[in-house]
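A.B. asks: File follows, model15.cif with mmCIF, C-alpha atoms:
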data_data
loop_
_atom_site.group_PDB
_atom_site.id
_atom_site.type_symbol
_atom_site.label_atom_id
_atom_site.label_comp_id
_atom_site.auth_asym_id
_atom_site.auth_seq_id
_atom_site.Cartn_x
_atom_site.Cartn_y
_atom_site.Cartn_z
ATOM 1 C CA MET A 14 151.397 119.106 -3.916
ATOM 2 C CA SER A 15 152.011 118.411 -0.274
ATOM 3 C CA ASN A 16 150.207 120.130 2.547
ATOM 4 C CA ILE A 17 149.926 123.895 2.477
ATOM 5 C CA GLN A 18 149.084 126.319 5.212
ATOM 6 C CA THR A 19 145.586 125.482 6.424
ATOM 7 C CA THR A 20 142.723 127.695 7.539
ATOM 8 C CA ASN A 21 139.556 127.105 9.535
ATOM 9 C CA SER A 22 137.494 127.007 6.332
ATOM 10 C CA ALA A 23 137.883 124.970 3.166
ATOM 11 C CA ILE A 24 136.383 127.821 1.165
ATOM 12 C CA ASP A 25 138.895 130.310 2.604
ATOM 13 C CA LEU A 26 141.663 127.851 1.746
ATOM 14 C CA LEU A 27 140.468 127.564 -1.843
ATOM 15 C CA LYS A 28 140.312 131.347 -2.138
ATOM 16 C CA SER A 29 143.948 131.797 -1.055
ATOM 17 C CA ASP A 30 146.401 133.044 -3.670
ATOM 18 C CA GLN A 31 148.668 130.035 -3.164
ATOM 19 C CA VAL A 32 145.893 127.549 -3.884
ATOM 20 C CA GLN A 33 144.462 129.580 -6.776
ATOM 21 C CA ALA A 34 147.916 129.546 -8.365
ATOM 22 C CA LYS A 35 148.139 125.750 -8.083
ATOM 23 C CA PHE A 36 144.783 125.249 -9.811
ATOM 24 C CA GLN A 37 145.759 127.767 -12.480
ATOM 25 C CA GLU A 38 148.942 125.791 -13.125
ATOM 26 C CA LEU A 39 146.978 122.579 -13.579
ATOM 27 C CA LEU A 40 143.865 123.771 -15.389
ATOM 28 C CA GLY A 41 144.750 127.047 -17.040
ATOM 29 C CA ASN A 42 141.664 128.979 -18.108
ATOM 30 C CA LYS A 43 139.382 126.295 -16.637
ATOM 31 C CA SER A 44 140.684 126.818 -13.093
ATOM 32 C CA LYS A 45 138.260 129.591 -12.088
ATOM 33 C CA GLY A 46 135.183 127.583 -13.051
ATOM 34 C CA PHE A 47 136.585 124.456 -11.427
ATOM 35 C CA VAL A 48 137.273 126.161 -8.085
ATOM 36 C CA THR A 49 133.878 127.877 -8.167
ATOM 37 C CA SER A 50 132.120 124.515 -8.585
ATOM 38 C CA VAL A 51 134.113 123.042 -5.680
ATOM 39 C CA MET A 52 133.181 125.964 -3.424
ATOM 40 C CA SER A 53 129.545 125.532 -4.471
ATOM 41 C CA ALA A 54 129.700 121.855 -3.497
ATOM 42 C CA ILE A 55 131.088 122.830 -0.093
ATOM 43 C CA SER A 56 128.523 125.587 0.468
ATOM 44 C CA THR A 57 125.568 123.283 -0.203
ATOM 45 C CA ASN A 58 126.805 120.437 2.023
ATOM 46 C CA PRO A 59 126.891 121.196 5.771
ATOM 47 C CA ALA A 60 128.867 118.018 6.546
ATOM 48 C CA LEU A 61 131.486 118.944 3.962
ATOM 49 C CA ARG A 62 131.820 122.404 5.513
ATOM 50 C CA GLN A 63 132.712 120.696 8.792
ATOM 51 C CA ALA A 64 135.310 118.409 7.211
ATOM 52 C CA ASP A 65 139.045 119.002 7.577
ATOM 53 C CA PRO A 66 139.890 121.788 5.062
ATOM 54 C CA GLN A 67 143.127 120.090 4.028
ATOM 55 C CA SER A 68 141.307 116.882 3.057
ATOM 56 C CA VAL A 69 138.782 118.920 1.037
ATOM 57 C CA TYR A 70 141.604 120.754 -0.723
ATOM 58 C CA MET A 71 143.445 117.517 -1.549
ATOM 59 C CA SER A 72 140.273 115.973 -2.977
ATOM 60 C CA ALA A 73 139.712 119.036 -5.138
ATOM 61 C CA MET A 74 143.346 118.946 -6.250
ATOM 62 C CA MET A 75 142.971 115.282 -7.261
ATOM 63 C CA GLY A 76 139.987 116.238 -9.394
ATOM 64 C CA ALA A 77 142.117 118.923 -11.043
ATOM 65 C CA VAL A 78 145.003 116.513 -11.655
ATOM 66 C CA LEU A 79 142.617 114.097 -13.388
ATOM 67 C CA ASP A 80 140.778 117.014 -15.032
ATOM 68 C CA LEU A 81 137.419 115.764 -13.761
ATOM 69 C CA PRO A 82 134.840 118.388 -12.729
ATOM 70 C CA ILE A 83 133.651 118.304 -9.118
ATOM 71 C CA ASN A 84 129.954 118.754 -9.715
ATOM 72 C CA GLN A 85 127.141 116.658 -8.249
ATOM 73 C CA ASN A 86 125.006 117.121 -11.362
ATOM 74 C CA LEU A 87 127.658 116.027 -13.858
ATOM 75 C CA GLY A 88 128.667 112.715 -12.274
ATOM 76 C CA PHE A 89 132.397 112.813 -13.041
ATOM 77 C CA ALA A 90 133.804 113.148 -9.518
ATOM 78 C CA TYR A 91 132.691 114.086 -6.029
ATOM 79 C CA ILE A 92 134.067 115.268 -2.709
ATOM 80 C CA VAL A 93 132.233 113.285 -0.041
ATOM 81 C CA PRO A 94 132.319 113.935 3.729
ATOM 82 C CA TYR A 95 133.049 110.946 5.945
ATOM 83 C CA GLY A 96 133.491 111.650 9.639
ATOM 84 C CA ASP A 97 135.724 114.694 9.960
ATOM 85 C CA LYS A 98 137.487 114.077 6.626
ATOM 86 C CA ALA A 99 136.623 114.438 2.953
ATOM 87 C CA GLN A 100 136.941 111.604 0.470
ATOM 88 C CA PHE A 101 137.520 111.798 -3.253
ATOM 89 C CA GLN A 102 135.109 109.649 -5.246
ATOM 90 C CA ILE A 103 134.892 109.020 -8.975
ATOM 91 C CA GLY A 104 131.572 108.586 -10.751
ATOM 92 C CA VAL A 105 130.699 106.368 -13.694
ATOM 93 C CA ARG A 106 131.155 109.246 -16.144
ATOM 94 C CA GLY A 107 134.593 109.921 -14.688
ATOM 95 C CA LEU A 108 135.699 106.337 -15.290
ATOM 96 C CA VAL A 109 134.356 106.443 -18.845
ATOM 97 C CA GLN A 110 136.034 109.790 -19.489
ATOM 98 C CA LEU A 111 139.441 108.561 -18.339
ATOM 99 C CA ALA A 112 139.122 105.403 -20.419
ATOM 100 C CA GLN A 113 138.177 107.342 -23.540
ATOM 101 C CA ARG A 114 141.146 109.679 -23.154
ATOM 102 C CA SER A 115 143.554 106.755 -23.445
ATOM 103 C CA GLY A 116 142.624 106.407 -27.129
ATOM 104 C CA GLN A 117 142.462 102.597 -26.817
ATOM 105 C CA PHE A 118 138.721 102.150 -26.318
ATOM 106 C CA LYS A 119 136.249 101.797 -29.157
ATOM 107 C CA THR A 120 133.219 101.372 -26.876
ATOM 108 C CA ILE A 121 132.657 101.473 -23.120
ATOM 109 C CA SER A 122 129.366 101.388 -21.239
ATOM 110 C CA SER A 123 127.431 100.074 -18.246
ATOM 111 C CA CYS A 124 123.757 99.687 -17.386
ATOM 112 C CA PRO A 125 121.288 97.903 -15.101
ATOM 113 C CA VAL A 126 119.966 94.501 -16.157
ATOM 114 C CA TYR A 127 116.259 93.869 -15.683
ATOM 115 C CA ASP A 128 114.328 90.702 -14.989
ATOM 116 C CA GLY A 129 114.233 88.566 -18.132
ATOM 117 C CA GLN A 130 117.168 90.191 -19.943
ATOM 118 C CA LEU A 131 119.927 87.836 -18.738
ATOM 119 C CA LYS A 132 119.689 84.683 -20.857
ATOM 120 C CA SER A 133 122.817 82.759 -19.930
ATOM 121 C CA GLN A 134 126.134 83.091 -18.142
ATOM 122 C CA ASP A 135 129.167 80.952 -18.727
ATOM 123 C CA PRO A 136 132.251 81.412 -16.487
ATOM 124 C CA LEU A 137 134.483 80.880 -19.533
ATOM 125 C CA LYS A 138 132.571 82.291 -22.497
ATOM 126 C CA GLY A 139 130.763 85.142 -20.756
ATOM 127 C CA PHE A 140 127.188 86.380 -20.725
ATOM 128 C CA GLU A 141 124.265 86.485 -23.138
ATOM 129 C CA PHE A 142 121.536 89.127 -22.926
ATOM 130 C CA ASP A 143 118.276 89.816 -24.727
ATOM 131 C CA TRP A 144 117.572 93.510 -24.165
ATOM 132 C CA SER A 145 114.096 93.222 -25.693
ATOM 133 C CA ALA A 146 113.007 90.599 -23.147
ATOM 134 C CA LYS A 147 112.467 92.887 -20.148
ATOM 135 C CA ALA A 148 109.824 91.130 -18.033
ATOM 136 C CA SER A 149 109.452 93.719 -15.265
ATOM 137 C CA ASP A 150 111.061 96.787 -13.716
ATOM 138 C CA LYS A 151 112.956 94.600 -11.232
ATOM 139 C CA VAL A 152 116.715 95.161 -11.514
ATOM 140 C CA ILE A 153 118.556 91.834 -11.134
ATOM 141 C CA GLY A 154 122.094 93.144 -11.583
ATOM 142 C CA PHE A 155 124.456 95.389 -13.515
ATOM 143 C CA VAL A 156 126.636 94.862 -16.560
ATOM 144 C CA ALA A 157 129.650 96.689 -17.967
ATOM 145 C CA TYR A 158 131.243 96.234 -21.383
ATOM 146 C CA PHE A 159 134.171 97.564 -23.350
ATOM 147 C CA SER A 160 135.783 96.902 -26.692
ATOM 148 C CA LEU A 161 139.243 98.077 -27.689
ATOM 149 C CA ILE A 162 140.422 99.389 -31.022
ATOM 150 C CA ASN A 163 142.622 96.283 -31.325
ATOM 151 C CA GLY A 164 139.518 94.063 -31.213
ATOM 152 C CA PHE A 165 139.661 92.822 -27.614
ATOM 153 C CA GLU A 166 136.347 93.008 -25.759
ATOM 154 C CA LYS A 167 135.092 92.009 -22.339
ATOM 155 C CA THR A 168 131.782 91.936 -20.460
ATOM 156 C CA LEU A 169 131.212 91.645 -16.715
ATOM 157 C CA PHE A 170 127.886 91.040 -14.999
ATOM 158 C CA MET A 171 127.279 91.289 -11.248
ATOM 159 C CA SER A 172 124.019 90.295 -9.606
ATOM 160 C CA ILE A 173 122.255 92.507 -7.073
ATOM 161 C CA ASP A 174 123.510 90.206 -4.297
ATOM 162 C CA GLU A 175 127.098 90.429 -5.539
ATOM 163 C CA VAL A 176 126.950 94.215 -5.742
ATOM 164 C CA SER A 177 125.369 94.453 -2.281
ATOM 165 C CA THR A 178 128.012 92.165 -0.812
ATOM 166 C CA HIS A 179 130.708 94.340 -2.363
ATOM 167 C CA GLY A 180 129.109 97.495 -0.973
ATOM 168 C CA LYS A 181 128.788 96.072 2.531
ATOM 169 C CA LYS A 182 132.397 94.901 2.491
ATOM 170 C CA TYR A 183 134.026 98.040 1.130
ATOM 171 C CA SER A 184 131.787 100.848 2.361
ATOM 172 C CA LYS A 185 130.989 101.491 6.009
ATOM 173 C CA THR A 186 128.256 103.878 4.818
ATOM 174 C CA PHE A 187 126.399 101.145 2.924
ATOM 175 C CA GLY A 188 123.609 100.998 5.513
ATOM 176 C CA ASN A 189 123.418 104.752 6.045
ATOM 177 C CA LYS A 190 120.013 105.892 4.766
ATOM 178 C CA TYR A 191 121.577 109.173 3.653
ATOM 179 C CA GLY A 192 124.539 107.497 1.928
ATOM 180 C CA VAL A 193 124.776 107.147 -1.850
ATOM 181 C CA TRP A 194 124.392 103.352 -1.654
ATOM 182 C CA GLN A 195 120.876 103.930 -0.325
ATOM 183 C CA THR A 196 119.943 107.098 -2.210
ATOM 184 C CA ASP A 197 121.246 105.956 -5.621
ATOM 185 C CA PHE A 198 121.936 102.227 -5.505
ATOM 186 C CA ASN A 199 121.779 101.846 -9.292
ATOM 187 C CA ALA A 200 124.499 104.436 -9.846
ATOM 188 C CA MET A 201 126.766 102.684 -7.344
ATOM 189 C CA GLY A 202 125.949 99.324 -8.925
ATOM 190 C CA GLU A 203 126.965 100.574 -12.369
ATOM 191 C CA LYS A 204 130.143 102.118 -11.003
ATOM 192 C CA THR A 205 131.060 98.962 -9.082
ATOM 193 C CA VAL A 206 130.773 96.642 -12.080
ATOM 194 C CA LEU A 207 132.498 99.097 -14.442
ATOM 195 C CA LYS A 208 135.385 99.759 -12.073
ATOM 196 C CA ARG A 209 135.891 96.030 -11.476
ATOM 197 C CA LEU A 210 135.791 95.299 -15.214
ATOM 198 C CA LEU A 211 138.343 97.987 -16.029
ATOM 199 C CA SER A 212 140.712 97.173 -13.163
ATOM 200 C CA LYS A 213 140.721 93.447 -14.021
ATOM 201 C CA PHE A 214 140.727 93.400 -17.819
ATOM 202 C CA ALA A 215 141.411 96.788 -19.381
ATOM 203 C CA PRO A 216 144.717 98.427 -20.317
ATOM 204 C CA LEU A 217 145.041 101.181 -17.727
ATOM 205 C CA SER A 218 146.467 104.583 -18.543
ATOM 206 C CA ILE A 219 148.442 106.424 -15.868
ATOM 207 C CA ASP A 220 145.408 108.537 -15.025
ATOM 208 C CA MET A 221 143.176 105.473 -14.814
ATOM 209 C CA GLN A 222 145.638 103.796 -12.461
ATOM 210 C CA LYS A 223 145.600 106.911 -10.288
ATOM 211 C CA ALA A 224 141.807 106.982 -10.333
ATOM 212 C CA ILE A 225 141.485 103.397 -9.126
ATOM 213 C CA VAL A 226 143.993 104.036 -6.325
ATOM 214 C CA VAL A 227 142.426 107.260 -5.042
ATOM 215 C CA ASP A 228 138.735 106.391 -5.434
ATOM 216 C CA GLN A 229 136.930 106.496 -2.050
ATOM 217 C CA SER A 230 140.022 107.637 -0.191
ATOM 218 C CA VAL A 231 141.180 110.538 1.920
ATOM 219 C CA ILE A 232 144.111 111.945 -0.017
ATOM 220 C CA LYS A 233 147.158 112.956 1.985
ATOM 221 C CA ASP A 234 149.440 113.779 -0.934
ATOM 222 C CA VAL A 235 148.449 114.035 -4.597
ATOM 223 C CA ASP A 236 151.953 113.618 -6.017
ATOM 224 C CA THR A 237 152.844 110.421 -4.154
ATOM 225 C CA LEU A 238 149.253 109.068 -4.092
ATOM 226 C CA ASP A 239 149.501 108.734 -0.326
ATOM 227 C CA VAL A 240 145.917 107.871 0.579
ATOM 228 C CA GLN A 241 143.900 106.500 3.471
ATOM 229 C CA TYR A 242 140.814 104.361 2.959
ATOM 230 C CA ILE A 243 138.993 105.369 6.136
ATOM 231 C CA ASP A 244 135.665 104.169 4.764
ATOM 232 C CA ASN A 245 136.979 100.607 4.740
ATOM 233 C CA GLU A 246 138.810 100.564 8.035
ATOM 234 C CA LEU A 247 137.449 98.181 10.633
ATOM 235 C CA THR A 248 136.532 99.606 14.031
ATOM 236 C CA GLN A 249 137.433 97.604 17.141
ATOM 237 C CA VAL A 250 133.852 96.336 17.267
ATOM 238 C CA ASP A 251 134.105 95.242 13.621
ATOM 239 C CA LYS A 252 137.366 93.443 14.332
ATOM 240 C CA GLU A 253 135.895 91.625 17.320
ATOM 241 C CA LYS A 254 132.848 90.641 15.288
ATOM 242 C CA GLU A 255 135.097 89.334 12.503
ATOM 243 C CA ARG A 256 137.119 87.341 15.049
ATOM 244 C CA ILE A 257 134.017 85.762 16.593
ATOM 245 C CA LEU A 258 132.497 84.840 13.219
ATOM 246 C CA MET A 259 135.780 83.238 12.183
ATOM 247 C CA PHE A 260 135.933 81.307 15.461
ATOM 248 C CA ILE A 261 132.372 80.024 14.947
ATOM 249 C CA GLU A 262 133.130 78.993 11.361
ATOM 250 C CA LYS A 263 136.235 77.037 12.371
ATOM 251 C CA ALA A 264 134.730 75.344 15.467
ATOM 252 C CA LYS A 265 134.559 71.586 14.833
ATOM 253 C CA THR A 266 133.137 70.420 18.174
ATOM 254 C CA LEU A 267 130.568 71.570 20.726
ATOM 255 C CA ASP A 268 133.306 71.912 23.328
ATOM 256 C CA LYS A 269 135.234 74.253 21.041
ATOM 257 C CA LEU A 270 132.148 76.306 20.263
ATOM 258 C CA ASN A 271 131.288 76.554 23.962
ATOM 259 C CA GLU A 272 134.620 78.273 24.575
ATOM 260 C CA LEU A 273 132.863 81.438 23.486
ATOM 261 C CA GLY A 274 130.913 81.286 26.753
ATOM 262 C CA SER A 275 128.820 84.396 27.347
ATOM 263 C CA THR A 276 130.579 86.353 24.582
ATOM 264 C CA ILE A 277 127.662 85.794 22.200
ATOM 265 C CA ASP A 278 125.116 87.360 24.560
ATOM 266 C CA MET A 279 127.467 90.175 25.522
ATOM 267 C CA PHE A 280 128.241 91.041 21.894
ATOM 268 C CA ASN A 281 124.527 91.346 21.092
ATOM 269 C CA ASP A 282 124.746 91.162 17.282
ATOM 270 C CA ASN A 283 122.118 89.394 15.169
ATOM 271 C CA GLU A 284 124.580 88.174 12.544
ATOM 272 C CA VAL A 285 126.823 86.676 15.219
ATOM 273 C CA LEU A 286 123.846 85.137 17.032
ATOM 274 C CA ASP A 287 122.494 83.604 13.815
ATOM 275 C CA ALA A 288 125.908 82.160 12.927
ATOM 276 C CA TYR A 289 126.310 80.748 16.428
ATOM 277 C CA THR A 290 122.818 79.201 16.485
ATOM 278 C CA SER A 291 123.277 77.674 13.043
ATOM 279 C CA LYS A 292 126.653 76.161 13.977
ATOM 280 C CA LEU A 293 125.304 74.933 17.300
ATOM 281 C CA ASP A 294 122.417 73.111 15.585
ATOM 282 C CA LYS A 295 124.805 71.628 13.034
ATOM 283 C CA LEU A 296 127.224 70.319 15.656
ATOM 284 C CA LYS A 297 124.417 68.919 17.828
ATOM 285 C CA GLY A 298 122.978 67.158 14.786
ATOM 286 C CA GLY A 299 126.359 65.629 14.051
ATOM 287 C CA ASN A 300 126.531 64.140 17.540
ATOM 288 C CA GLN A 301 123.179 62.401 17.292
#
Could you quickly redo this structure as structure tokens?
C.D. replies:
Amino acid sequence: MSNIQTTNSAIDLLKSDQVQAKFQELLGNKSKGFVTSVMSAISTNPALRQADPQSVYMSAMMGAVLDLPINQNLGFAYIVPYGDKAQFQIGVRGLVQLAQRSGQFKTISSCPVYDGQLKSQDPLKGFEFDWSAKASDKVIGFVAYFSLINGFEKTLFMSIDEVSTHGKKYSKTFGNKYGVWQTDFNAMGEKTVLKRLLSKFAPLSIDMQKAIVVDQSVIKDVDTLDVQYIDNELTQVDKEKERILMFIEKAKTLDKLNELGSTIDMFNDNEVLDAYTSKLDKLKGGNQ
């Protein structure tokens, strides 16, 4: 399913006979409804209409390959604009659906954990919850659980801080007030903990392996799973910030730290400034 002849519009591309035939081959009688829902998603999202038509098509094709509807209201899979490209993203329901299809899961679920419900956590034995002990509406983290037909079961809990750290590290849109991390943090928290649980501990079907590879990527080729994670790529500014923070962390003397010179002021970043000030105070204290 390599590149096909492109047009100036993703909707025009999806309407072409060549593309319609490909979806028909994959989805049979469901193809018409699937393509209609994709075109609806494009029509209602101005940013997606401006995205590269080929990247939109490839994302839609990945949804068809995995047989996951592209529908904002269903929560199985999404086509998300990022810059001038479109990303394919899987929702919590999509992950659950793919797991269930493998025939190996007895139970699989995820949910937020509220203040008072987490009773204990042991790095070896796992977590203990009391779901009747909700003390407030404050969400303190997210938990995912599965049990297999063969009896194996596993639970993973991630605190709000752990989920936020993950989001900041792997999504450049984390701080975007219009991004899903800000508009529906709980949904992203559930997805994060469930995806991590499955990828680390669950038996993965071929489709599940594909899903984990292509999630949050721009898809170049569906057959070879040639993808690009543009959301995670560091800009030159990011790279310079990372370099400076690493330099500050490794500096063992004031002389070494002072090698940064005026770079701190020129970079003008609060995180860098805080790290520099903290290290400066620590090194000065050590010399007293």
A.B. asks: Report as a PyMOL selection string all protein, DNA and RNA residues lying within 9 Å of Val231 of chain A, evaluated on all atoms listed in the file, omitting residues in the same chain fewer than 3 positions from it.
C.D. replies: chain A and resi 68-69+71-72+98-101+227-228+239-244
A.B. asks: Grab the atom CA of Ala157 of chain A to atom CA of Leu87 of chain A distance for me, in Å with one decimal place.
C.D. replies: 19.9 Å
A.B. asks: Please determine, counting all atoms listed in the file, which residue among A:Ser212, A:Gln195, A:Gln110, A:Asp234 has the shortest atom-to-atom distance to Met75 of chain A.
C.D. replies: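 Of the candidates, the smallest distance to Met75 of chain A is held by A:Asp234.
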A.B. asks: Got a sec: who's within 9 Å of Tyr289 of chain A, counting only C-alpha atoms, leaving out chain neighbours fewer than 3 positions off, as a PyMOL selection string?
C.D. replies: chain A and resi 258+261-262+270+277+284-286+292-294
A.B. asks: Please, could you write that set of residues out with C-alpha atoms as a PDB file, keeping the file's coordinate frame?
C.D. replies:
ATOM      1  CA  LEU A 258     132.497  84.840  13.219  1.00  0.00           C
ATOM      2  CA  ILE A 261     132.372  80.024  14.947  1.00  0.00           C
ATOM      3  CA  GLU A 262     133.130  78.993  11.361  1.00  0.00           C
ATOM      4  CA  LEU A 270     132.148  76.306  20.263  1.00  0.00           C
ATOM      5  CA  ILE A 277     127.662  85.794  22.200  1.00  0.00           C
ATOM      6  CA  GLU A 284     124.580  88.174  12.544  1.00  0.00           C
ATOM      7  CA  VAL A 285     126.823  86.676  15.219  1.00  0.00           C
ATOM      8  CA  LEU A 286     123.846  85.137  17.032  1.00  0.00           C
ATOM      9  CA  LYS A 292     126.653  76.161  13.977  1.00  0.00           C
ATOM     10  CA  LEU A 293     125.304  74.933  17.300  1.00  0.00           C
ATOM     11  CA  ASP A 294     122.417  73.111  15.585  1.00  0.00           C
TER      12      ASP A 294
END
A.B. asks: Between A:Ser115, A:Asn42, A:Ser123, A:Gln229, single out the one closest to Ala215 of chain A, counting all atoms listed in the file.
C.D. replies: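 Residue with the minimum atom-to-atom distance to Ala215 of chain A: A:Ser115.
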